[in-house]
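Student: For reference, this is structure23.cif, and it has mmCIF, C-alpha atoms.
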```
data_final
#
loop_
_atom_site.label_atom_id
_atom_site.label_comp_id
_atom_site.auth_asym_id
_atom_site.auth_seq_id
_atom_site.Cartn_x
_atom_site.Cartn_y
_atom_site.Cartn_z
CA MET A 172 0.00 0.00 0.00
CA MET A 173 1.33 3.42 -0.99
CA ARG A 174 -1.24 5.60 0.78
CA TRP A 175 1.54 7.19 2.82
CA LEU A 176 2.15 9.40 -0.18
CA ILE A 177 -1.22 11.07 0.27
CA LEU A 178 -0.76 11.46 4.00
CA LEU A 179 2.66 13.07 3.76
CA LEU A 180 2.08 15.52 0.93
CA LEU A 181 0.28 18.83 0.97
CA PRO A 182 -1.12 20.48 -2.16
CA CYS A 183 1.52 22.45 -4.08
CA VAL A 184 -0.85 24.17 -6.52
CA ALA A 185 -3.88 26.25 -5.60
CA ALA A 186 -7.21 24.83 -6.71
CA ALA A 187 -8.96 26.36 -9.70
CA GLY A 188 -11.53 29.03 -8.84
CA PRO A 189 -15.29 28.61 -9.28
CA ASP A 190 -15.28 30.61 -12.52
CA THR A 191 -12.25 28.83 -13.91
CA LEU A 192 -11.73 25.67 -15.93
CA ARG A 193 -8.53 23.72 -15.25
CA VAL A 194 -7.35 21.67 -18.23
CA ALA A 195 -4.38 19.33 -17.87
CA THR A 196 -2.39 16.85 -19.93
CA PHE A 197 -0.32 14.07 -18.42
CA ASN A 198 1.73 11.34 -20.06
CA THR A 199 1.51 8.86 -17.20
CA GLU A 200 3.72 6.19 -18.82
CA LEU A 201 1.51 3.58 -17.17
CA GLN A 202 1.60 1.34 -20.26
CA ARG A 203 2.74 -2.20 -19.59
CA ASP A 204 4.40 -4.92 -21.69
CA GLY A 205 1.29 -7.05 -22.12
CA PRO A 206 -2.51 -6.72 -22.23
CA GLY A 207 -4.15 -6.63 -18.83
CA LEU A 208 -0.95 -5.96 -16.89
CA MET A 209 -1.78 -2.31 -16.22
CA LEU A 210 -5.17 -3.37 -14.84
CA ARG A 211 -3.48 -6.02 -12.67
CA ASP A 212 -1.00 -3.56 -11.24
CA ILE A 213 -3.67 -0.94 -10.51
CA ARG A 214 -5.85 -3.44 -8.69
CA ARG A 215 -2.96 -4.82 -6.63
CA ASP A 216 -2.37 -1.35 -5.19
CA LYS A 217 1.31 -2.06 -4.54
CA ASP A 218 2.99 -0.20 -7.41
CA PRO A 219 4.64 3.07 -6.29
CA GLN A 220 4.45 4.56 -9.79
CA ILE A 221 0.68 4.14 -9.97
CA ALA A 222 0.29 5.64 -6.49
CA ALA A 223 2.42 8.59 -7.56
CA VAL A 224 0.39 9.16 -10.75
CA VAL A 225 -2.81 9.21 -8.67
CA GLU A 226 -1.24 11.63 -6.20
CA VAL A 227 -0.08 14.04 -8.92
CA ILE A 228 -3.59 14.11 -10.39
CA ARG A 229 -5.08 14.63 -6.92
CA GLN A 230 -2.83 17.57 -6.20
CA ILE A 231 -3.62 19.39 -9.47
CA ALA A 232 -7.32 18.35 -9.56
CA PRO A 233 -8.03 19.17 -13.21
CA ASP A 234 -11.58 19.63 -14.43
CA VAL A 235 -10.64 18.13 -17.80
CA LEU A 236 -7.67 15.77 -18.06
CA ALA A 237 -6.07 14.36 -21.22
CA LEU A 238 -4.08 11.24 -20.41
CA GLN A 239 -1.42 9.48 -22.43
CA GLY A 240 0.37 6.21 -21.72
CA ILE A 241 -2.84 4.40 -20.72
CA ASP A 242 -3.38 0.86 -22.04
CA TRP A 243 -6.74 0.43 -23.76
CA ASP A 244 -8.98 -2.61 -23.42
CA TYR A 245 -12.41 -3.34 -24.91
CA GLU A 246 -14.32 -2.87 -21.65
CA ASN A 247 -12.16 0.03 -20.38
CA GLN A 248 -11.42 -1.96 -17.25
CA GLY A 249 -7.93 -0.52 -16.93
CA LEU A 250 -9.07 3.09 -17.17
CA ASN A 251 -12.02 2.49 -14.87
CA ALA A 252 -9.73 0.92 -12.26
CA LEU A 253 -7.43 3.94 -12.44
CA VAL A 254 -10.37 6.33 -12.09
CA GLU A 255 -11.56 4.37 -9.06
CA ARG A 256 -8.15 4.86 -7.45
CA ILE A 257 -8.35 8.59 -8.22
CA GLU A 258 -11.88 8.86 -6.88
CA ASN A 259 -10.79 7.21 -3.63
CA THR A 260 -8.88 10.45 -2.99
CA GLY A 261 -12.10 12.48 -3.30
CA LEU A 262 -11.56 13.68 -6.88
CA ILE A 263 -14.56 12.56 -8.95
CA TYR A 264 -14.62 12.12 -12.75
CA PRO A 265 -18.10 11.00 -13.79
CA TYR A 266 -17.32 11.37 -17.51
CA ARG A 267 -14.54 9.59 -19.37
CA LEU A 268 -13.57 8.65 -22.90
CA SER A 269 -11.36 5.82 -24.10
CA LEU A 270 -11.30 4.63 -27.71
CA ARG A 271 -9.14 2.10 -29.52
CA THR A 272 -5.97 3.76 -30.75
CA ASN A 273 -3.57 2.99 -33.59
CA SER A 274 -0.83 1.96 -31.18
CA GLY A 275 -0.38 -1.81 -31.41
CA LEU A 276 -3.03 -2.14 -34.13
CA ALA A 277 -1.73 -4.92 -36.38
CA SER A 278 -1.33 -4.16 -40.10
CA LYS A 279 -0.08 -7.45 -41.65
CA LEU A 280 2.44 -5.34 -43.56
CA ASP A 281 6.08 -4.38 -43.11
CA LEU A 282 5.46 -0.79 -42.07
CA ASP A 283 8.85 -0.10 -40.52
CA GLY A 284 10.96 -1.46 -43.38
CA ASP A 285 12.95 -3.99 -41.36
CA GLY A 286 12.11 -6.82 -43.75
CA ARG A 287 10.06 -8.73 -41.17
CA LEU A 288 6.36 -8.95 -40.36
CA GLY A 289 4.50 -8.89 -37.08
CA GLY A 290 6.79 -6.75 -34.92
CA PRO A 291 5.61 -3.75 -32.88
CA GLY A 292 6.90 -1.45 -35.61
CA ASP A 293 4.53 -3.06 -38.10
CA SER A 294 1.49 -1.91 -36.15
CA GLN A 295 -0.25 1.26 -37.29
CA GLY A 296 1.40 2.86 -34.28
CA TYR A 297 4.30 1.30 -32.42
CA GLY A 298 3.03 -1.24 -29.92
CA SER A 299 3.05 -4.91 -28.98
CA PHE A 300 -0.72 -5.19 -28.53
CA THR A 301 -3.78 -3.21 -29.53
CA GLY A 302 -4.12 -0.06 -27.46
CA GLN A 303 -0.74 -0.21 -25.73
CA GLY A 304 0.07 3.27 -24.47
CA GLY A 305 -3.21 4.76 -25.61
CA LEU A 306 -5.14 7.90 -24.68
CA ALA A 307 -8.03 8.72 -22.37
CA VAL A 308 -10.00 11.80 -21.34
CA LEU A 309 -11.45 12.38 -17.87
CA SER A 310 -13.90 15.18 -17.20
CA ARG A 311 -16.03 16.66 -14.44
CA TYR A 312 -18.35 17.90 -17.18
CA PRO A 313 -20.41 15.88 -19.68
CA ILE A 314 -18.64 14.56 -22.77
CA ASP A 315 -20.78 14.50 -25.90
CA THR A 316 -19.62 11.02 -26.90
CA ASP A 317 -21.91 10.88 -29.95
CA ALA A 318 -20.17 13.93 -31.42
CA VAL A 319 -16.56 12.85 -30.81
CA ARG A 320 -14.45 12.97 -33.98
CA ASP A 321 -11.79 10.29 -34.17
CA LEU A 322 -9.26 11.19 -36.86
CA SER A 323 -7.13 8.11 -36.17
CA PRO A 324 -8.23 6.24 -39.33
CA LEU A 325 -6.92 9.08 -41.54
CA LEU A 326 -4.22 7.74 -43.87
CA TRP A 327 -0.95 9.63 -43.78
CA GLN A 328 -1.02 10.20 -47.53
CA GLU A 329 -4.50 11.74 -47.23
CA LEU A 330 -3.34 14.65 -45.08
CA PRO A 331 -3.09 17.76 -47.27
CA GLY A 332 0.55 18.69 -47.70
CA ALA A 333 1.85 15.40 -46.29
CA VAL A 334 5.48 14.48 -46.95
CA LEU A 335 5.98 10.72 -46.91
CA PRO A 336 9.40 9.07 -46.54
CA ALA A 337 11.40 7.93 -49.53
CA HIS A 338 14.64 6.00 -49.97
CA ARG A 339 16.65 6.18 -53.19
CA GLY A 340 13.69 7.76 -54.92
CA ALA A 341 11.20 5.05 -53.97
CA PRO A 342 8.44 5.15 -51.34
CA PHE A 343 9.69 3.88 -47.98
CA PRO A 344 9.22 1.15 -46.97
CA SER A 345 6.98 0.42 -49.97
CA ALA A 346 4.11 1.88 -51.95
CA GLN A 347 1.86 -0.84 -50.51
CA ALA A 348 2.80 0.16 -46.95
CA GLN A 349 2.20 3.84 -47.61
CA ALA A 350 -1.23 3.06 -49.09
CA ALA A 351 -2.23 1.54 -45.75
CA GLN A 352 -0.27 3.63 -43.25
CA ARG A 353 -2.39 5.76 -40.94
CA LEU A 354 -1.05 9.13 -39.84
CA SER A 355 -1.78 8.95 -36.10
CA SER A 356 0.79 6.88 -34.24
CA THR A 357 -1.57 6.87 -31.25
CA ALA A 358 -4.70 8.92 -31.99
CA HIS A 359 -6.11 12.36 -32.78
CA TRP A 360 -9.46 13.03 -31.09
CA ILE A 361 -11.77 16.04 -31.07
CA VAL A 362 -13.84 15.73 -27.90
CA PRO A 363 -16.85 18.03 -27.30
CA ILE A 364 -17.40 18.83 -23.62
CA ASP A 365 -20.44 20.65 -22.24
CA LEU A 366 -19.30 23.32 -19.78
CA PRO A 367 -21.58 25.50 -17.63
CA SER A 368 -20.62 28.42 -19.88
CA GLY A 369 -21.20 26.53 -23.13
CA PRO A 370 -19.46 23.89 -25.27
CA MET A 371 -15.74 23.47 -25.76
CA GLN A 372 -13.69 21.07 -27.86
CA LEU A 373 -10.69 19.22 -26.48
CA MET A 374 -8.28 18.27 -29.28
CA THR A 375 -5.91 15.64 -27.94
CA PHE A 376 -3.13 13.44 -29.35
CA GLN A 377 0.20 11.79 -28.73
CA ALA A 378 2.68 12.02 -31.60
CA ALA A 379 5.42 9.55 -32.46
CA PRO A 380 8.99 10.32 -31.42
CA PRO A 381 10.85 11.90 -34.35
CA VAL A 382 13.86 9.59 -33.92
CA PHE A 383 14.64 5.84 -34.00
CA ASP A 384 14.60 5.63 -37.81
CA GLY A 385 17.04 5.87 -40.71
CA PRO A 386 18.07 8.36 -43.40
CA GLU A 387 14.55 8.26 -44.84
CA ASP A 388 13.42 10.12 -41.65
CA ARG A 389 10.17 8.15 -41.43
CA ASN A 390 9.53 9.01 -37.78
CA GLY A 391 10.64 12.61 -38.16
CA LEU A 392 8.28 13.18 -41.07
CA ARG A 393 5.42 11.42 -39.33
CA ASN A 394 5.90 13.46 -36.16
CA ARG A 395 5.89 16.59 -38.33
CA ASP A 396 2.58 15.74 -39.95
CA GLU A 397 0.95 14.54 -36.70
CA ILE A 398 1.58 18.00 -35.24
CA ARG A 399 0.71 19.79 -38.48
CA LEU A 400 -2.67 18.01 -38.58
CA TRP A 401 -4.05 20.54 -36.10
CA ARG A 402 -3.26 23.51 -38.34
CA VAL A 403 -4.74 21.69 -41.33
CA LEU A 404 -7.86 21.06 -39.25
CA MET A 405 -8.09 24.72 -38.21
CA ASP A 406 -7.79 25.63 -41.91
CA GLY A 407 -10.98 23.65 -42.57
CA LYS A 408 -9.27 21.06 -44.78
CA LEU A 409 -10.33 18.06 -42.67
CA GLY A 410 -14.02 18.75 -42.34
CA ALA A 411 -15.54 21.32 -40.04
CA ALA A 412 -12.95 23.52 -38.37
CA PRO A 413 -13.29 24.34 -34.67
CA SER A 414 -14.69 27.85 -34.47
CA LYS A 415 -14.34 28.88 -30.83
CA ARG A 416 -13.42 27.68 -27.34
CA PHE A 417 -11.15 24.77 -28.14
CA VAL A 418 -7.98 23.50 -26.52
CA ILE A 419 -5.16 21.39 -27.96
CA ALA A 420 -3.77 19.20 -25.18
CA GLY A 421 -1.36 16.32 -25.52
CA GLY A 422 2.09 15.14 -26.41
CA ALA A 423 3.94 16.46 -29.47
CA ASN A 424 7.18 14.64 -28.63
CA LEU A 425 8.97 17.70 -30.01
CA ASP A 426 10.70 20.67 -28.39
CA PRO A 427 10.46 24.08 -30.12
CA TRP A 428 14.24 24.35 -30.38
CA ASP A 429 16.18 21.47 -28.88
CA SER A 430 14.72 18.23 -30.29
CA ASP A 431 16.32 16.21 -33.07
CA GLY A 432 13.08 16.36 -35.07
CA ARG A 433 11.65 19.07 -37.29
CA SER A 434 11.22 21.67 -34.56
CA GLU A 435 9.95 24.33 -36.94
CA THR A 436 6.66 22.40 -36.98
CA ILE A 437 5.91 22.90 -33.29
CA ARG A 438 7.17 26.50 -33.47
CA SER A 439 4.63 27.16 -36.24
CA LEU A 440 1.85 25.70 -34.11
CA LEU A 441 2.88 27.74 -31.06
CA ALA A 442 2.94 30.91 -33.18
CA ASP A 443 -0.44 30.32 -34.86
CA PRO A 444 -2.62 33.38 -34.11
CA ARG A 445 -5.65 31.14 -33.59
CA LEU A 446 -3.93 29.71 -30.50
CA GLN A 447 -2.29 30.93 -27.30
CA ASP A 448 0.84 29.55 -25.72
CA PRO A 449 0.61 30.01 -21.93
CA ALA A 450 4.29 28.92 -21.69
CA PRO A 451 3.72 27.03 -18.41
CA HIS A 452 6.77 26.59 -16.23
CA SER A 453 7.94 25.01 -12.97
CA LYS A 454 10.44 25.67 -10.20
CA GLY A 455 11.75 22.11 -10.42
CA ALA A 456 12.79 22.44 -14.04
CA ALA A 457 14.12 25.98 -13.50
CA GLN A 458 16.52 24.88 -10.76
CA ALA A 459 17.92 21.91 -12.71
CA ALA A 460 21.43 22.13 -14.15
CA ASP A 461 21.59 24.11 -17.37
CA GLN A 462 21.92 21.98 -20.52
CA GLY A 463 22.78 24.76 -22.93
CA HIS A 464 19.37 24.48 -24.57
CA LYS A 465 17.58 27.34 -26.27
CA THR A 466 14.18 26.55 -24.74
CA PRO A 467 14.10 28.04 -21.22
CA ASN A 468 14.78 25.38 -18.59
CA ALA A 469 11.67 26.31 -16.62
CA ARG A 470 9.40 25.29 -19.52
CA ASP A 471 10.67 21.71 -19.78
CA THR A 472 8.04 19.00 -19.33
CA VAL A 473 10.04 15.76 -19.57
CA ASP A 474 13.33 14.45 -18.25
CA TRP A 475 14.76 11.67 -20.43
CA GLU A 476 17.95 9.92 -19.43
CA ARG A 477 19.82 10.45 -22.71
CA ALA A 478 17.98 13.27 -24.47
CA GLY A 479 17.77 15.32 -21.27
CA ARG A 480 15.04 17.76 -20.32
CA LEU A 481 12.80 19.07 -23.10
CA ARG A 482 9.45 20.75 -23.63
CA VAL A 483 7.30 18.16 -25.41
CA ASP A 484 3.87 18.27 -23.68
CA TYR A 485 1.51 21.12 -24.51
CA ILE A 486 -1.79 22.83 -23.72
CA LEU A 487 -2.70 25.44 -26.32
CA PRO A 488 -6.05 27.19 -25.83
CA SER A 489 -7.76 28.95 -28.70
CA SER A 490 -7.31 32.70 -28.82
CA ASP A 491 -10.81 33.44 -27.51
CA TRP A 492 -10.05 32.07 -24.02
CA THR A 493 -8.77 34.23 -21.18
CA ILE A 494 -5.89 32.46 -19.46
CA ALA A 495 -5.89 32.84 -15.68
CA ASP A 496 -2.88 30.72 -14.75
CA SER A 497 -0.72 27.81 -15.90
CA GLY A 498 2.06 25.56 -14.71
CA VAL A 499 3.97 22.31 -14.87
CA PHE A 500 3.80 20.03 -11.84
CA TRP A 501 7.51 19.83 -11.09
CA PRO A 502 8.05 21.22 -7.59
CA ALA A 503 11.48 22.41 -6.51
CA SER A 504 13.68 19.80 -4.86
CA ASN A 505 12.90 21.11 -1.36
CA ASP A 506 9.15 21.49 -1.94
CA PRO A 507 6.39 18.95 -1.22
CA GLY A 508 5.57 16.81 -4.22
CA HIS A 509 9.01 16.83 -5.85
CA ALA A 510 9.72 13.14 -5.24
CA VAL A 511 6.21 12.15 -6.31
CA ALA A 512 6.50 14.03 -9.62
CA LEU A 513 9.69 12.12 -10.40
CA GLN A 514 8.23 8.79 -9.28
CA ALA A 515 5.09 9.13 -11.41
CA SER A 516 6.57 9.53 -14.88
CA ARG A 517 9.46 10.99 -16.81
CA HIS A 518 6.82 13.43 -18.10
CA ARG A 519 5.30 16.10 -15.90
CA LEU A 520 1.65 17.05 -15.74
CA VAL A 521 0.96 20.37 -17.52
CA TRP A 522 -2.07 22.47 -16.56
CA VAL A 523 -3.80 25.69 -17.62
CA ASP A 524 -6.63 27.60 -15.92
CA LEU A 525 -9.13 29.25 -18.29
CA ARG A 526 -11.81 31.80 -17.42
CA LEU A 527 -15.37 30.58 -17.95
CA ASP A 528 -16.86 34.05 -18.46
#
```
Kindly present the structure from the file in structure tokens form.

Tutor:
Amino acid sequence: MMRWLILLLLPCVAAAGPDTLRVATFNTELQRDGPGLMLRDIRRDKDPQIAAVVEVIRQIAPDVLALQGIDWDYENQGLNALVERIENTGLIYPYRLSLRTNSGLASKLDLDGDGRLGGPGDSQGYGSFTGQGGLAVLSRYPIDTDAVRDLSPLLWQELPGAVLPAHRGAPFPSAQAQAAQRLSSTAHWIVPIDLPSGPMQLMTFQAAPPVFDGPEDRNGLRNRDEIRLWRVLMDGKLGAAPSKRFVIAGGANLDPWDSDGRSETIRSLLADPRLQDPAPHSKGAAQAADQGHKTPNARDTVDWERAGRLRVDYILPSSDWTIADSGVFWPASNDPGHAVALQASRHRLVWVDLRLD
């Protein structure tokens, strides 16, 4: 039992006000190596990482929470078990969304070009089983599930302006693979939520890492287009464009300046006049040793062993919101919650408070 975490820690972030909506995104990294293992570990209530994830969520208490790194199953037993653990702390989420993602979705093709079939790289999104490391949305307010738009089936080649990988002038890994390859490595969802002040749309995703490929830059190009999808959507080239009160929240896997991928893509999204970048920051990241990066240390949202600290997790409200506050849950080393933030995930929870007037 890890309930001592809750007893020892005091809240580090003030609760959102009554006229404020707190939106958060959190890559929990709770995915496991096999189907059902995340559910098993949650129910056993002995895993310190799971306890830490629950504690981080409790301390921030978002009204709307986009989760990544959550294994999907047909009956949503894993997500429901996690929500039960969260609700045991007094934080209630009556509305939730979990759909099958592209991660681990078998293709029967050689999608990664390694000359073999059936590996995790041959799934529509990297994964050893369907839904490994998927997405979920938790909300205190009703989700209009009938109106959810799931863009995950969109083929990569169907995205306007897509650039697909090539090797020696030929499609990589093959024309047949590109004809079947979906764009979303995990998913892209547009989730309508009914707020007291009116409807909003949560646009959530988790992009592929732009590395772990070859000179064809398959992952780098895919990451580019997964991020660029949101601008194409706002341009009205993928059906109805969101008109007002929307929020992009999720994982881009790309830093504006310091990643190995095509960083100009995320810079273009951050600079889009239809969006706002709250530039959330934390004391924990600010006090860490300087890496010589161009992105300010305080804005980092992940701490990877080799790549170091980067800003890769984002909440970008549309320009018609009024931003009240924002932050990254990464307390300073001498503040309550620091050890729990590090225990929960290499990623940190990012949150933004929006005025409901």

Student: Which residue is closest to Ala348 of chain A? Choose from A:Thr316, A:Gln295, A:Gln248, A:Gln202 and count all atoms listed in the file.

Tutor: A:Gln295

Student: Rounded to one decimal, what separation in Å do you get between atom CA of Arg402 of chain A and atom CA of Trp243 of chain A?

Tutor: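 Answer for the atom CA of Arg402 of chain A to atom CA of Trp243 of chain A separation: 27.5 Å.
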
Student: Excluding Leu487 of chain A and any residue of its chain fewer than 3 positions from it, enumerate the residues within 10 Å of it, using all atoms listed in the file, and give them as a list in words.

Tutor: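 Result of the neighbour search: Met374, Phe417, Val418, Ile419, Ala420, Gly421, Leu440, Leu441, Arg445, Leu446, Gln447, Asp448, Pro449, Ala450, Ser490 and Val523 of chain A.
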
Student: Quick one: which residues end up in the PyMOL selection byres ((chain A and resi 454-468) around 6) for this structure, as a compact mmCIF listing (two decimals) with C-alpha atoms, in the frame of the given file?

Tutor:
```txt
# COMPACT_ATOMS: atom_id res chain seq x y z
CA SER A 453 7.94 25.01 -12.97
CA ALA A 469 11.67 26.31 -16.62
CA ARG A 470 9.40 25.29 -19.52
CA ASP A 471 10.67 21.71 -19.78
CA TRP A 501 7.51 19.83 -11.09
CA PRO A 502 8.05 21.22 -7.59
CA ALA A 503 11.48 22.41 -6.51
```

Student: Assuming the chain letters and numbering stay as they are in my file, what does the PyMOL selection byres ((chain A and resi 187) around 10) actually select? List them as a ChimeraX atom specification.

Tutor: /A:184-186,188-194,231-234,495-496,523-526

Student: Can those selected residues be exported to a file as a PDB file, in the coordinates of the input so that it contains C-alpha atoms?

Tutor:
```
ATOM      1  CA  VAL A 184      -0.850  24.170  -6.520  1.00  0.00           C
ATOM      2  CA  ALA A 185      -3.880  26.250  -5.600  1.00  0.00           C
ATOM      3  CA  ALA A 186      -7.210  24.830  -6.710  1.00  0.00           C
ATOM      4  CA  GLY A 188     -11.530  29.030  -8.840  1.00  0.00           C
ATOM      5  CA  PRO A 189     -15.290  28.610  -9.280  1.00  0.00           C
ATOM      6  CA  ASP A 190     -15.280  30.610 -12.520  1.00  0.00           C
ATOM      7  CA  THR A 191     -12.250  28.830 -13.910  1.00  0.00           C
ATOM      8  CA  LEU A 192     -11.730  25.670 -15.930  1.00  0.00           C
ATOM      9  CA  ARG A 193      -8.530  23.720 -15.250  1.00  0.00           C
ATOM     10  CA  VAL A 194      -7.350  21.670 -18.230  1.00  0.00           C
ATOM     11  CA  ILE A 231      -3.620  19.390  -9.470  1.00  0.00           C
ATOM     12  CA  ALA A 232      -7.320  18.350  -9.560  1.00  0.00           C
ATOM     13  CA  PRO A 233      -8.030  19.170 -13.210  1.00  0.00           C
ATOM     14  CA  ASP A 234     -11.580  19.630 -14.430  1.00  0.00           C
ATOM     15  CA  ALA A 495      -5.890  32.840 -15.680  1.00  0.00           C
ATOM     16  CA  ASP A 496      -2.880  30.720 -14.750  1.00  0.00           C
ATOM     17  CA  VAL A 523      -3.800  25.690 -17.620  1.00  0.00           C
ATOM     18  CA  ASP A 524      -6.630  27.600 -15.920  1.00  0.00           C
ATOM     19  CA  LEU A 525      -9.130  29.250 -18.290  1.00  0.00           C
ATOM     20  CA  ARG A 526     -11.810  31.800 -17.420  1.00  0.00           C
TER      21      ARG A 526
END
```

Student: List as a list in words the protein and nucleic acid residues near segment 280-293 of chain A, meaning an atom at most 8 Å away when only C-alpha atoms are counted, but skip any in the same chain fewer than 5 places from it.

Tutor: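 The neighbour list is Gly275, Gly298, Ser299, Phe300, Phe343, Pro344, Ser345, Ala348, Gln349 and Gln352 of chain A.
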
Student: Expressed in Å to a single decimal, how great is the separation between atom CA of Ala307 of chain A and atom CA of Trp360 of chain A?

Tutor: 9.8 Å

Student: Could you pull out every residue with an atom within 9 Å of (-0.1, 0.0, -21.0), file coordinates, counting only C-alpha atoms, and send them as a list in words?

Tutor: Glu200, Leu201, Gln202, Arg203, Asp204, Gly205, Pro206, Gly207, Leu208, Met209, Leu210, Gly240, Ile241, Asp242, Trp243, Gly249, Gly302, Gln303, Gly304 and Gly305 of chain A

Student: Please indicate the distance in Å from atom CA of Arg214 of chain A to atom CA of Gly296 of chain A, rounded to one decimal place.

Tutor: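 So the two atoms, atom CA of Arg214 of chain A and atom CA of Gly296 of chain A, lie 27.3 Å apart.
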
Student: Hey, can I get the axis-aligned box for segment 256-263 of chain A? All listed atoms, 8 Å padding on each side, centre and edge lengths in Å to one decimal, as AutoDock Vina command-line options.

Tutor:
```
--center_x -11.4 --center_y 9.3 --center_z -6.0 --size_x 22.4 --size_y 24.8 --size_z 22.0
```

Student: Name the residues within 8 Å of (-13.6, 13.0, -34.4), counting only C-alpha atoms in the file's coordinates, and put them as a PyMOL selection string.

Tutor: chain A and resi 318-322+359-362

Student: From the options A:Lys279, A:His509, A:Arg416, A:Lys408, which residue's atoms come nearest to Glu226 of chain A, counting all atoms listed in the file?

Tutor: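 The closest residue to Glu226 of chain A is A:His509.
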
Student: Could you list the residues chosen by the PyMOL selection byres ((chain A and resi 426) around 6) in this structure as a list in words?

Tutor: Leu425, Pro427, Trp428, Asp429, Ser430, Leu481, Arg482 and Val483 of chain A

Student: Fewer than 3 positions away in the same chain doesn't count, so skip those; otherwise give me all residues within 10 Å of Pro265 of chain A, counting only C-alpha atoms, as a PyMOL selection string.

Tutor: chain A and resi 254+258+262+309-314

Student: Pick from A:Pro363, A:Pro342, A:Pro336, A:Pro488: nearest to Val308 of chain A, with all atoms listed in the file counted?

Tutor: A:Pro363

Student: I'd like to know which of A:Thr436, A:Ser489, A:Gln328, A:Ser497 is closest to Met371 of chain A, using all atoms listed in the file.

Tutor: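 When distances to Met371 of chain A are compared using all atoms listed in the file, the smallest one comes from A:Ser489.
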
Student: With distances taken over all atoms listed in the file, which of A:Val235, A:Val499, A:Ile213, A:Leu520 is nearest to Tyr266 of chain A?

Tutor: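 Closest to Tyr266 of chain A, using all atoms listed in the file: A:Val235.
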
Student: Name the closest residue to Pro413 of chain A among the candidates A:Ala237, A:Ile228, A:Leu373, A:Leu392; distances are taken between atoms, counting all atoms listed in the file.

Tutor: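 Under the stated criterion, the closest residue is A:Leu373.
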
Student: Since the input is missing atoms, can you rebuild all heavy atoms for segment 306-310 of chain A and write them as a short mmCIF file (atom, residue, chain, number, x, y, z; two decimals), keeping the file's coordinate frame?

Tutor:
```
data_model
loop_
_atom_site.label_atom_id
_atom_site.label_comp_id
_atom_site.auth_asym_id
_atom_site.auth_seq_id
_atom_site.Cartn_x
_atom_site.Cartn_y
_atom_site.Cartn_z
N LEU A 306 -4.69 6.62 -25.23
CA LEU A 306 -5.14 7.90 -24.68
C LEU A 306 -6.43 7.70 -23.90
O LEU A 306 -7.14 6.72 -24.07
CB LEU A 306 -5.41 8.91 -25.81
CG LEU A 306 -4.32 9.16 -26.84
CD1 LEU A 306 -4.81 10.21 -27.84
CD2 LEU A 306 -3.03 9.58 -26.19
N ALA A 307 -6.75 8.67 -23.08
CA ALA A 307 -8.03 8.72 -22.37
C ALA A 307 -8.31 10.17 -21.99
O ALA A 307 -7.39 10.99 -21.88
CB ALA A 307 -8.02 7.83 -21.14
N VAL A 308 -9.57 10.48 -21.80
CA VAL A 308 -10.00 11.80 -21.34
C VAL A 308 -10.90 11.61 -20.13
O VAL A 308 -11.84 10.80 -20.16
CB VAL A 308 -10.75 12.57 -22.44
CG1 VAL A 308 -11.27 13.91 -21.90
CG2 VAL A 308 -9.85 12.80 -23.65
N LEU A 309 -10.61 12.34 -19.06
CA LEU A 309 -11.45 12.38 -17.87
C LEU A 309 -12.01 13.78 -17.72
O LEU A 309 -11.32 14.77 -17.98
CB LEU A 309 -10.64 12.02 -16.61
CG LEU A 309 -9.85 10.71 -16.64
CD1 LEU A 309 -9.15 10.50 -15.30
CD2 LEU A 309 -10.73 9.54 -16.98
N SER A 310 -13.27 13.87 -17.28
CA SER A 310 -13.90 15.18 -17.20
C SER A 310 -14.92 15.23 -16.07
O SER A 310 -15.63 14.26 -15.80
CB SER A 310 -14.60 15.51 -18.53
OG SER A 310 -15.29 16.74 -18.45
#
```
